[in-house]
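So this one's coords.txt, compact mmCIF, C-alpha atoms:
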# COMPACT_ATOMS: atom_id res chain seq x y z
CA MET A 398 46.13 57.08 21.67
CA LEU A 399 44.71 56.26 18.24
CA LYS A 400 45.19 52.55 18.88
CA ASN A 401 43.33 52.82 22.17
CA ASN A 402 40.42 54.61 20.49
CA ASN A 403 40.24 51.94 17.78
CA ALA A 404 40.26 49.21 20.38
CA ILE A 405 37.48 50.93 22.30
CA ALA A 406 35.46 51.32 19.05
CA ILE A 407 35.90 47.65 18.16
CA THR A 408 34.89 46.61 21.64
CA CYS A 409 31.76 48.76 21.43
CA LEU A 410 30.90 47.31 18.00
CA LYS A 411 31.31 43.76 19.26
CA SER A 412 29.20 44.56 22.29
CA THR A 413 26.51 46.17 20.13
CA HIS A 414 26.56 43.20 17.71
CA LEU A 415 26.31 40.75 20.59
CA CYS A 416 23.41 42.67 22.09
CA PHE A 417 21.70 42.66 18.69
CA LEU A 418 22.19 38.91 18.31
CA ASN A 419 20.93 38.25 21.82
CA SER A 420 17.93 40.46 21.22
CA THR A 421 17.19 38.77 17.88
CA HIS A 422 17.56 35.33 19.42
CA ARG A 423 15.14 36.25 22.22
CA TYR A 424 12.67 37.63 19.66
CA LEU A 425 12.86 34.55 17.47
CA SER A 426 12.62 32.19 20.44
CA GLN A 427 9.58 34.03 21.75
CA ASN A 428 8.04 34.08 18.26
CA VAL A 429 8.61 30.35 17.69
CA SER A 430 7.34 29.55 21.16
CA SER A 431 4.22 31.62 20.56
CA LYS A 432 3.66 30.01 17.16
CA LEU A 433 4.17 26.53 18.61
CA THR A 434 1.60 27.22 21.30
CA SER A 435 -0.90 28.45 18.69
CA ILE A 436 -0.38 25.46 16.39
CA LYS A 437 -0.72 23.01 19.27
CA ALA A 438 -3.91 24.71 20.40
CA LEU A 439 -5.28 24.63 16.83
CA PHE A 440 -4.88 20.87 16.39
CA LYS A 441 -5.86 19.99 19.95
CA ASN A 442 -9.09 21.86 19.29
CA TYR A 443 -9.92 19.08 16.80
CA GLY A 444 -9.10 16.28 19.19
CA PHE A 445 -5.43 15.69 18.37
CA SER A 446 -3.39 14.25 21.23
CA ASP A 447 -0.10 15.79 22.34
CA THR A 448 1.69 12.83 20.76
CA GLN A 449 -0.08 13.31 17.43
CA VAL A 450 0.69 17.05 17.36
CA SER A 451 4.35 16.44 18.24
CA LYS A 452 4.63 13.76 15.57
CA LEU A 453 3.14 16.09 12.96
CA ILE A 454 5.49 18.95 13.90
CA LYS A 455 8.50 16.64 13.89
CA LYS A 456 7.66 15.37 10.39
CA TYR A 457 6.69 18.79 9.04
CA PRO A 458 8.49 21.63 10.87
CA SER A 459 6.95 23.93 8.26
CA VAL A 460 3.63 23.41 10.01
CA LEU A 461 4.71 26.29 12.26
CA SER A 462 4.44 28.61 9.27
CA LEU A 463 0.75 27.81 8.77
CA LYS A 464 -1.60 30.71 9.08
CA ILE A 465 -4.18 29.80 11.69
CA GLY A 466 -6.85 31.85 9.98
CA THR A 467 -6.54 29.96 6.69
CA ALA A 468 -5.94 26.49 8.14
CA LYS A 469 -8.87 26.56 10.57
CA PRO A 470 -11.72 26.70 7.97
CA LYS A 471 -10.24 23.65 6.21
CA LEU A 472 -10.02 21.71 9.44
CA ASP A 473 -13.55 22.83 10.32
CA TYR A 474 -14.84 21.50 6.99
CA LEU A 475 -13.06 18.14 7.24
CA HIS A 476 -14.12 17.74 10.88
CA SER A 477 -17.76 18.49 10.04
CA TYR A 478 -17.53 16.10 7.07
CA GLY A 479 -16.90 13.25 9.50
CA PHE A 480 -13.12 12.94 9.73
CA THR A 481 -12.16 11.82 13.24
CA PRO A 482 -9.02 13.18 14.95
CA ASN A 483 -7.21 9.98 13.97
CA ASP A 484 -8.43 10.32 10.38
CA LEU A 485 -7.25 13.92 10.19
CA CYS A 486 -3.90 13.06 11.72
CA LYS A 487 -3.35 10.25 9.22
CA VAL A 488 -4.31 12.44 6.26
CA LEU A 489 -2.14 15.37 7.33
CA GLU A 490 0.82 13.13 8.11
CA ALA A 491 0.52 11.84 4.54
CA ASP A 492 0.24 15.30 2.98
CA LEU A 493 0.30 18.48 5.06
CA ASN A 494 0.07 20.56 1.88
CA ILE A 495 -3.66 19.92 1.92
CA LEU A 496 -3.90 22.75 4.43
CA ARG A 497 -2.21 25.04 1.93
CA ARG A 498 -4.77 24.28 -0.78
CA SER A 499 -7.86 26.41 -1.31
CA LEU A 500 -10.88 25.12 0.55
CA VAL A 501 -13.33 26.42 -2.06
CA ASN A 502 -11.32 25.57 -5.17
CA TRP A 503 -9.79 22.24 -4.20
CA ILE A 504 -10.87 20.51 -0.99
CA ILE A 505 -14.65 20.93 -1.26
CA PRO A 506 -14.82 20.13 -5.02
CA SER A 507 -12.71 17.00 -4.47
CA CYS A 508 -14.97 15.72 -1.69
CA GLU A 509 -18.08 16.50 -3.70
CA LEU A 510 -16.82 14.74 -6.83
CA LEU A 511 -15.78 11.67 -4.84
CA LYS A 512 -19.17 11.60 -3.16
CA SER A 513 -20.95 11.80 -6.54
CA PHE A 514 -19.45 8.37 -7.25
CA LEU A 515 -19.15 6.82 -3.79
CA LYS A 516 -22.50 8.17 -2.49
CA ASP A 517 -21.64 8.60 1.20
CA ASN A 518 -19.23 10.56 3.37
CA ALA A 519 -17.78 7.45 5.02
CA SER A 520 -16.57 6.05 1.70
CA VAL A 521 -15.09 9.42 0.74
CA ILE A 522 -13.17 9.48 4.03
CA VAL A 523 -11.78 5.99 3.31
CA ALA A 524 -10.65 7.16 -0.15
CA VAL A 525 -8.94 10.27 1.25
CA LYS A 526 -7.19 8.22 3.94
CA ARG A 527 -5.96 5.82 1.26
CA ASN A 528 -4.51 8.65 -0.81
CA ALA A 529 -4.53 12.15 0.62
CA ARG A 530 -3.47 13.61 -2.73
CA VAL A 531 -7.10 13.48 -3.87
CA LEU A 532 -7.73 16.66 -1.89
CA ARG A 533 -5.18 18.65 -3.87
CA ASN A 534 -5.79 17.30 -7.38
CA ASP A 535 -8.28 18.37 -10.01
CA LEU A 536 -10.35 15.19 -9.98
CA SER A 537 -12.53 16.44 -12.82
CA LYS A 538 -9.49 15.93 -15.05
CA THR A 539 -8.47 12.53 -13.68
CA VAL A 540 -11.04 10.55 -11.70
CA LYS A 541 -14.03 11.55 -13.82
CA PRO A 542 -12.54 10.65 -17.24
CA ASN A 543 -10.80 7.57 -15.84
CA VAL A 544 -14.03 6.19 -14.39
CA GLU A 545 -15.81 6.89 -17.69
CA LEU A 546 -13.01 5.16 -19.59
CA LEU A 547 -13.34 1.99 -17.51
CA LEU A 548 -17.13 2.00 -17.74
CA ASN A 549 -16.96 2.32 -21.53
CA LEU A 550 -14.62 -0.68 -21.65
CA GLY A 551 -17.18 -2.79 -19.82
CA VAL A 552 -15.64 -2.90 -16.35
CA PRO A 553 -18.48 -3.48 -13.83
CA GLU A 554 -19.31 -0.25 -12.04
CA TYR A 555 -19.21 -1.72 -8.54
CA ARG A 556 -15.62 -2.87 -9.10
CA ILE A 557 -14.59 0.58 -10.30
CA LEU A 558 -16.10 2.16 -7.20
CA VAL A 559 -14.27 -0.29 -4.94
CA MET A 560 -11.05 0.69 -6.67
CA LEU A 561 -11.88 4.39 -6.30
CA ARG A 562 -12.44 3.91 -2.57
CA ASP A 563 -9.62 1.48 -1.74
CA GLN A 564 -6.99 2.07 -4.44
CA THR A 565 -7.66 5.72 -5.17
CA GLY A 566 -4.21 6.39 -6.60
CA ASN A 567 -4.95 4.26 -9.66
CA LEU A 568 -7.69 6.65 -10.72
CA ILE A 569 -5.98 9.98 -10.10
CA GLN A 570 -3.21 9.28 -12.59
CA PRO A 571 -3.35 11.00 -15.99
CA THR A 572 -5.86 9.38 -18.34
CA GLN A 573 -3.22 8.96 -21.05
CA LYS A 574 -1.09 6.92 -18.66
CA LEU A 575 -4.09 4.78 -17.71
CA LYS A 576 -4.87 4.22 -21.39
CA ALA A 577 -1.30 3.06 -21.99
CA ILE A 578 -1.55 0.61 -19.08
CA ILE A 579 -4.88 -0.70 -20.37
CA GLU A 580 -3.39 -1.23 -23.82
CA GLU A 581 -0.48 -3.17 -22.30
CA ILE A 582 -2.56 -5.44 -20.09
CA THR A 583 -5.10 -6.06 -22.87
CA GLU A 584 -2.26 -7.34 -25.04
CA LEU A 585 -1.38 -9.75 -22.21
CA GLY A 586 -4.91 -11.15 -22.30
CA PHE A 587 -6.63 -9.38 -19.42
CA ARG A 588 -10.35 -8.77 -20.02
CA PRO A 589 -12.36 -5.83 -18.59
CA GLU A 590 -15.17 -8.02 -17.27
CA LYS A 591 -12.76 -10.01 -15.08
CA ARG A 592 -11.65 -8.92 -11.63
CA SER A 593 -8.03 -9.51 -12.60
CA PHE A 594 -8.30 -6.60 -15.06
CA LEU A 595 -8.36 -4.02 -12.25
CA ASP A 596 -5.75 -6.01 -10.32
CA ALA A 597 -3.49 -5.71 -13.36
CA ILE A 598 -4.12 -1.96 -13.57
CA HIS A 599 -3.17 -1.64 -9.90
CA LEU A 600 -0.01 -3.69 -10.43
CA PHE A 601 1.11 -1.94 -13.62
CA SER A 602 0.37 1.49 -12.10
CA GLY A 603 2.78 0.93 -9.25
CA LEU A 604 5.40 -1.43 -10.66
CA SER A 605 7.97 -0.20 -13.15
CA LYS A 606 8.52 -2.11 -16.39
CA SER A 607 12.12 -2.82 -15.43
CA THR A 608 10.95 -4.46 -12.19
CA ARG A 609 8.31 -6.52 -14.01
CA ASP A 610 10.90 -7.65 -16.56
CA ARG A 611 13.29 -8.58 -13.77
CA LYS A 612 10.64 -10.72 -12.03
CA TRP A 613 9.71 -12.35 -15.35
CA ASP A 614 13.36 -13.29 -15.91
CA LEU A 615 13.60 -14.70 -12.37
CA TYR A 616 10.65 -17.03 -12.96
CA ARG A 617 12.33 -18.10 -16.19
CA GLN A 618 15.49 -18.90 -14.24
CA TRP A 619 13.45 -21.24 -12.08
CA GLY A 620 12.28 -23.09 -15.16
CA TRP A 621 8.93 -21.45 -15.86
CA SER A 622 8.16 -21.16 -19.57
CA ASP A 623 6.90 -17.84 -20.95
CA ASP A 624 3.47 -19.42 -21.42
CA GLU A 625 3.45 -20.60 -17.80
CA ILE A 626 4.46 -17.16 -16.53
CA LEU A 627 1.81 -15.46 -18.68
CA SER A 628 -0.89 -17.90 -17.55
CA ALA A 629 0.11 -17.41 -13.90
CA VAL A 630 0.11 -13.62 -14.20
CA ARG A 631 -3.37 -13.73 -15.76
CA LYS A 632 -4.61 -15.82 -12.85
CA GLN A 633 -2.85 -13.77 -10.18
CA PRO A 634 -1.15 -10.55 -11.33
CA PHE A 635 0.32 -9.92 -7.88
CA ILE A 636 2.88 -12.69 -8.22
CA MET A 637 4.83 -9.91 -9.95
CA ALA A 638 4.69 -7.88 -6.74
CA THR A 639 6.27 -10.68 -4.71
CA SER A 640 9.83 -9.86 -3.75
CA GLU A 641 12.64 -11.58 -5.61
CA GLU A 642 14.03 -12.86 -2.32
CA LYS A 643 10.72 -14.53 -1.49
CA ILE A 644 10.34 -16.01 -4.97
CA ASP A 645 13.77 -17.61 -4.57
CA ARG A 646 12.97 -18.99 -1.11
CA VAL A 647 9.59 -20.42 -2.15
CA MET A 648 10.90 -22.01 -5.34
CA ASP A 649 13.98 -23.40 -3.59
CA PHE A 650 11.83 -25.04 -0.92
CA LEU A 651 9.15 -26.41 -3.24
CA VAL A 652 11.37 -27.57 -6.10
CA ASN A 653 14.75 -28.38 -4.58
CA LYS A 654 13.76 -29.51 -1.09
CA MET A 655 10.26 -30.93 -1.62
CA GLY A 656 10.63 -32.13 -5.20
CA TRP A 657 7.48 -30.56 -6.62
CA GLY A 658 7.59 -29.84 -10.32
CA VAL A 659 7.88 -26.27 -11.56
CA SER A 660 4.66 -26.66 -13.56
CA GLN A 661 2.74 -27.56 -10.39
CA VAL A 662 3.85 -24.30 -8.78
CA SER A 663 3.03 -22.17 -11.83
CA TYR A 664 -0.39 -23.85 -12.12
CA ARG A 665 -1.23 -22.53 -8.64
CA PRO A 666 0.51 -19.11 -8.64
CA LEU A 667 -0.92 -18.11 -5.26
CA THR A 668 1.57 -20.59 -3.82
CA VAL A 669 4.28 -17.99 -4.40
CA MET A 670 2.32 -15.46 -2.37
CA HIS A 671 1.42 -17.66 0.61
CA SER A 672 3.50 -17.31 3.75
CA LEU A 673 6.27 -19.88 3.31
CA GLU A 674 6.86 -20.46 7.02
CA ASN A 675 3.25 -20.31 8.27
CA TRP A 676 1.36 -21.80 5.33
CA THR A 677 3.28 -23.60 2.60
CA MET A 678 6.07 -25.27 4.55
CA PRO A 679 3.94 -26.96 7.26
CA ARG A 680 1.51 -28.33 4.65
CA CYS A 681 4.21 -29.68 2.40
CA LEU A 682 6.06 -31.32 5.28
CA VAL A 683 2.86 -33.08 6.43
CA VAL A 684 1.94 -34.23 2.92
CA LYS A 685 5.46 -35.46 2.10
CA PHE A 686 5.55 -37.39 5.36
CA LEU A 687 2.21 -39.06 4.64
CA LEU A 688 3.30 -39.84 1.07
CA SER A 689 6.41 -41.53 2.44
CA LYS A 690 4.15 -43.74 4.60
CA GLY A 691 2.11 -44.74 1.57
CA VAL A 692 -1.20 -43.49 2.95
CA LEU A 693 -1.79 -40.88 0.25
CA LYS A 694 -2.11 -41.24 -3.50
CA GLU A 695 1.25 -40.89 -5.19
CA ASN A 696 -0.20 -38.62 -7.86
CA LEU A 697 -1.35 -36.04 -5.30
CA THR A 698 -0.80 -32.58 -6.74
CA LEU A 699 0.37 -29.43 -5.00
CA SER A 700 -2.80 -27.57 -5.99
CA SER A 701 -5.00 -30.21 -4.36
CA PHE A 702 -3.97 -29.20 -0.85
CA ILE A 703 -2.06 -25.90 -0.88
CA GLY A 704 -5.20 -23.80 -1.36
CA LEU A 705 -7.44 -25.60 1.16
CA SER A 706 -8.73 -23.60 4.10
CA GLY A 707 -6.86 -24.19 7.34
CA LYS A 708 -9.83 -26.05 8.80
CA LYS A 709 -10.16 -28.41 5.82
CA PHE A 710 -6.44 -29.12 5.61
CA ARG A 711 -6.24 -29.90 9.32
CA GLU A 712 -9.27 -32.20 9.15
CA ARG A 713 -8.07 -34.05 6.05
CA PHE A 714 -4.33 -34.33 6.59
CA VAL A 715 -3.66 -33.81 10.31
CA ASP A 716 -6.61 -34.92 12.43
CA GLY A 717 -7.40 -37.77 10.02
CA PHE A 718 -3.93 -39.33 10.48
CA SER A 719 -2.77 -38.13 13.90
CA GLU A 720 -3.87 -41.30 15.72
CA ASN A 721 -1.61 -43.55 13.63
CA PHE A 722 1.01 -40.93 12.83
CA PRO A 723 1.31 -38.43 15.70
CA GLU A 724 4.30 -36.91 13.89
CA VAL A 725 1.92 -34.92 11.68
CA ILE A 726 0.92 -32.79 14.68
CA THR A 727 4.55 -31.76 15.21
CA LEU A 728 5.16 -31.22 11.49
CA TYR A 729 2.09 -29.04 11.16
CA GLY A 730 3.26 -27.20 14.28
CA GLY A 731 2.57 -23.48 14.32
CA ALA A 732 0.86 -23.30 10.96
CA ASP A 733 -1.66 -20.51 10.53
CA ASP A 734 -5.14 -21.96 10.01
CA ASN A 735 -6.62 -18.59 9.16
CA ALA A 736 -7.31 -17.63 5.58
CA PRO A 737 -4.08 -16.30 4.07
CA LYS A 738 -3.83 -12.57 3.60
CA PHE A 739 -1.95 -11.42 0.55
CA SER A 740 -0.35 -8.02 0.37
CA ARG A 741 -1.36 -5.90 -2.60
CA LYS A 742 1.26 -3.35 -1.85
CA VAL A 743 3.14 -2.59 -5.02
CA THR A 744 6.58 -0.99 -5.02
CA SER A 745 8.86 -0.38 -7.96

Would you mind giving the structure from this file in structure tokens?
Amino acid sequence: MLKNNNAIAITCLKSTHLCFLNSTHRYLSQNVSSKLTSIKALFKNYGFSDTQVSKLIKKYPSVLSLKIGTAKPKLDYLHSYGFTPNDLCKVLEADLNILRRSLVNWIIPSCELLKSFLKDNASVIVAVKRNARVLRNDLSKTVKPNVELLLNLGVPEYRILVMLRDQTGNLIQPTQKLKAIIEEITELGFRPEKRSFLDAIHLFSGLSKSTRDRKWDLYRQWGWSDDEILSAVRKQPFIMATSEEKIDRVMDFLVNKMGWGVSQVSYRPLTVMHSLENWTMPRCLVVKFLLSKGVLKENLTLSSFIGLSGKKFRERFVDGFSENFPEVITLYGGADDNAPKFSRKVTS
């Protein structure tokens, strides 16, 4: 009898527990569903598409924990400032925590300080899209002293403002870190009045010393002297941002396959950054072919043709010889005649 009673009690407990779990599950499901509907309605009110909202929720499930009442005033402010739905989506995808920052203490002061330098809302929006962290940093302790530091060094103001708008991250780093970078690049010979000075700051801000040392050693392995590397870096700091795999491919093609001297490559460092397949290779193949036919000067240098615009190269080396040597048309093939675009993306 006692065993039967125990069995009945256990069955009742299990049933009660199951009912509780089912009830809790229904409550949570209804709560999540209700919250999801509210969040979707919130963002769609500012022009977000269903796809954009879904993408945001997928990346940041915690968005469902946002309080509508505190998020809405921030979205209202940014929308009224001139951020389009696409702008807002891009910014929030980069850093949703902006909506958890105080509107009065962080977001508005950040926009106002940026505008005090950049002068118009459109430029501020560009800066925020470049680096959303500006809306949750105390810019009075980073941007303001960093801009003043660069101005005092003699960096032209218009260049600083372009950096603030397009490479915002460089100016929201701690001033002490920026000072250390400036000291390092000054020792390498970069001068504040030159454009390459800010390029070097951008490079050194995003590229670790170990990566820079590794690239330096790779150029050495290809026969560049330390003086040649230093001279090339001063001319074009972003050769240090070129991937090691690409450096190897470019140097192998130019030196081993085409026979150009290492010094000719280092003299024109942009050669390392050009697209090998769409820019450098077609030009070198055409020039080498014409040299083999004896119709070009034997002392023709790499720098004399590798940096020409697509139009000028085609006129001088393709169209000018195609009647007698139609092979040049095939060799030039699918080359890109447009001005080369170099990535300034820096990764450590």

Atomic distance atom CA of A:Ser451 - atom CA of A:Leu433, expressed in Å with one decimal: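 A separation of 10.1 Å between them.
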
Atomic separation - atom CA of A:Leu461 relative to atom CA of A:Thr434, Å: 9.6 Å

Coordinates-based distance that separates atom CA of A:Ala732 from atom CA of A:Ser689 (Å, one decimal):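 So the answer is 20.9 Å.
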
Long-range neighbours of stretch 568-579 of chain A as a list of chain:residue names, 9 Å cut-off, only C-alpha atoms, 2 positions minimum in chain: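 What passes the distance filter is A:Arg530, A:Val531, A:Asn534, A:Asp535, A:Leu536, A:Lys538, A:Thr539, A:Val540, A:Lys541, A:Pro542, A:Asn543, A:Val544, A:Leu546, A:Met560, A:Leu561, A:Gln564, A:Thr565, A:Gly566, A:Glu581, A:Ile582, A:Thr583, A:Glu584, A:Phe587, A:Phe594, A:Ala597, A:Ile598, A:Phe601, A:Ser602.
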
Selected residue of minimal separation from A:Lys643 among A:Leu728, A:Cys486, A:Val683, A:Met670, counting all atoms listed in the file: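 Distance minimum relative to A:Lys643 lands on A:Met670.
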
Long-range neighbours of A:Thr639 as number ranges by chain, 9 Å cut-off, only C-alpha atoms, 3 positions minimum in chain: A: 612, 635-636, 642-644, 669-670, 740, 743

Only C-alpha atoms, please: the residues just picked out, written as a short mmCIF file (atom, residue, chain, number, x, y, z; two decimals), in the coordinates of the input.
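Result saved to out.cif:
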data_model
loop_
_atom_site.label_atom_id
_atom_site.label_comp_id
_atom_site.auth_asym_id
_atom_site.auth_seq_id
_atom_site.Cartn_x
_atom_site.Cartn_y
_atom_site.Cartn_z
CA LYS A 612 10.64 -10.72 -12.03
CA PHE A 635 0.32 -9.92 -7.88
CA ILE A 636 2.88 -12.69 -8.22
CA GLU A 642 14.03 -12.86 -2.32
CA LYS A 643 10.72 -14.53 -1.49
CA ILE A 644 10.34 -16.01 -4.97
CA VAL A 669 4.28 -17.99 -4.40
CA MET A 670 2.32 -15.46 -2.37
CA SER A 740 -0.35 -8.02 0.37
CA VAL A 743 3.14 -2.59 -5.02
#

Spatial neighbours of A:Ile703, max dist 8 Å, only C-alpha atoms, sep filter under 5 positions, as number ranges by chain: A: 668, 677, 680

Next, the residues of the selection above should be written as a short mmCIF file (atom, residue, chain, number, x, y, z; two decimals), keeping the file's coordinate frame with C-alpha atoms.
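again.cif, written as the output of this step:
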data_model
loop_
_atom_site.label_atom_id
_atom_site.label_comp_id
_atom_site.auth_asym_id
_atom_site.auth_seq_id
_atom_site.Cartn_x
_atom_site.Cartn_y
_atom_site.Cartn_z
CA THR A 668 1.57 -20.59 -3.82
CA THR A 677 3.28 -23.60 2.60
CA ARG A 680 1.51 -28.33 4.65
#

Residues within 10 Å of (-6.3, -27.1, 5.6), file coords, only C-alpha atoms, listed as a list of chain:residue names: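 Nearby residues: A:Trp676, A:Arg680, A:Phe702, A:Ile703, A:Gly704, A:Leu705, A:Ser706, A:Gly707, A:Lys708, A:Lys709, A:Phe710, A:Arg711, A:Glu712, A:Arg713, A:Phe714, A:Val715, A:Ala732, A:Asp733, A:Asp734, A:Asn735, A:Ala736.
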
The selected residues should be written to file as a PDB file, keeping the file's coordinate frame (atoms: C-alpha atoms).
ATOM      1  CA  TRP A 676       1.360 -21.800   5.330  1.00  0.00           C
ATOM      2  CA  ARG A 680       1.510 -28.330   4.650  1.00  0.00           C
ATOM      3  CA  PHE A 702      -3.970 -29.200  -0.850  1.00  0.00           C
ATOM      4  CA  ILE A 703      -2.060 -25.900  -0.880  1.00  0.00           C
ATOM      5  CA  GLY A 704      -5.200 -23.800  -1.360  1.00  0.00           C
ATOM      6  CA  LEU A 705      -7.440 -25.600   1.160  1.00  0.00           C
ATOM      7  CA  SER A 706      -8.730 -23.600   4.100  1.00  0.00           C
ATOM      8  CA  GLY A 707      -6.860 -24.190   7.340  1.00  0.00           C
ATOM      9  CA  LYS A 708      -9.830 -26.050   8.800  1.00  0.00           C
ATOM     10  CA  LYS A 709     -10.160 -28.410   5.820  1.00  0.00           C
ATOM     11  CA  PHE A 710      -6.440 -29.120   5.610  1.00  0.00           C
ATOM     12  CA  ARG A 711      -6.240 -29.900   9.320  1.00  0.00           C
ATOM     13  CA  GLU A 712      -9.270 -32.200   9.150  1.00  0.00           C
ATOM     14  CA  ARG A 713      -8.070 -34.050   6.050  1.00  0.00           C
ATOM     15  CA  PHE A 714      -4.330 -34.330   6.590  1.00  0.00           C
ATOM     16  CA  VAL A 715      -3.660 -33.810  10.310  1.00  0.00           C
ATOM     17  CA  ALA A 732       0.860 -23.300  10.960  1.00  0.00           C
ATOM     18  CA  ASP A 733      -1.660 -20.510  10.530  1.00  0.00           C
ATOM     19  CA  ASP A 734      -5.140 -21.960  10.010  1.00  0.00           C
ATOM     20  CA  ASN A 735      -6.620 -18.590   9.160  1.00  0.00           C
ATOM     21  CA  ALA A 736      -7.310 -17.630   5.580  1.00  0.00           C
TER      22      ALA A 736
END

Near-stretch 645-654 of chain A list (10 Å; all atoms listed in the file; drop same-chain fewer than 5 positions) as a list in words: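 The filter keeps Leu615, Tyr616, Gln618, Trp619, Gly620, Ser640, Val659, Gln661, Val662, Thr668, Val669, Met670, His671, Ser672, Leu673, Glu674, Thr677, Met678, Cys681 and Leu699 of chain A.
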
Test item: residues at most 12 Å from A:Lys471, only C-alpha atoms, excluding those fewer than 2 positions along its chain, as a JSON list (two decimals) with C-alpha atoms, keeping the file's coordinate frame:
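The file below, selection_27.json, is the result:
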[["chain", "number", "residue", "atom", "x", "y", "z"],
["A", 439, "LEU", "CA", -5.28, 24.63, 16.83],
["A", 440, "PHE", "CA", -4.88, 20.87, 16.39],
["A", 443, "TYR", "CA", -9.92, 19.08, 16.80],
["A", 464, "LYS", "CA", -1.60, 30.71, 9.08],
["A", 465, "ILE", "CA", -4.18, 29.80, 11.69],
["A", 466, "GLY", "CA", -6.85, 31.85, 9.98],
["A", 467, "THR", "CA", -6.54, 29.96, 6.69],
["A", 468, "ALA", "CA", -5.94, 26.49, 8.14],
["A", 469, "LYS", "CA", -8.87, 26.56, 10.57],
["A", 473, "ASP", "CA", -13.55, 22.83, 10.32],
["A", 474, "TYR", "CA", -14.84, 21.50, 6.99],
["A", 475, "LEU", "CA", -13.06, 18.14, 7.24],
["A", 476, "HIS", "CA", -14.12, 17.74, 10.88],
["A", 477, "SER", "CA", -17.76, 18.49, 10.04],
["A", 478, "TYR", "CA", -17.53, 16.10, 7.07],
["A", 480, "PHE", "CA", -13.12, 12.94, 9.73],
["A", 485, "LEU", "CA", -7.25, 13.92, 10.19],
["A", 489, "LEU", "CA", -2.14, 15.37, 7.33],
["A", 493, "LEU", "CA", 0.30, 18.48, 5.06],
["A", 494, "ASN", "CA", 0.07, 20.56, 1.88],
["A", 495, "ILE", "CA", -3.66, 19.92, 1.92],
["A", 496, "LEU", "CA", -3.90, 22.75, 4.43],
["A", 497, "ARG", "CA", -2.21, 25.04, 1.93],
["A", 498, "ARG", "CA", -4.77, 24.28, -0.78],
["A", 499, "SER", "CA", -7.86, 26.41, -1.31],
["A", 500, "LEU", "CA", -10.88, 25.12, 0.55],
["A", 501, "VAL", "CA", -13.33, 26.42, -2.06],
["A", 502, "ASN", "CA", -11.32, 25.57, -5.17],
["A", 503, "TRP", "CA", -9.79, 22.24, -4.20],
["A", 504, "ILE", "CA", -10.87, 20.51, -0.99],
["A", 505, "ILE", "CA", -14.65, 20.93, -1.26],
["A", 532, "LEU", "CA", -7.73, 16.66, -1.89]]
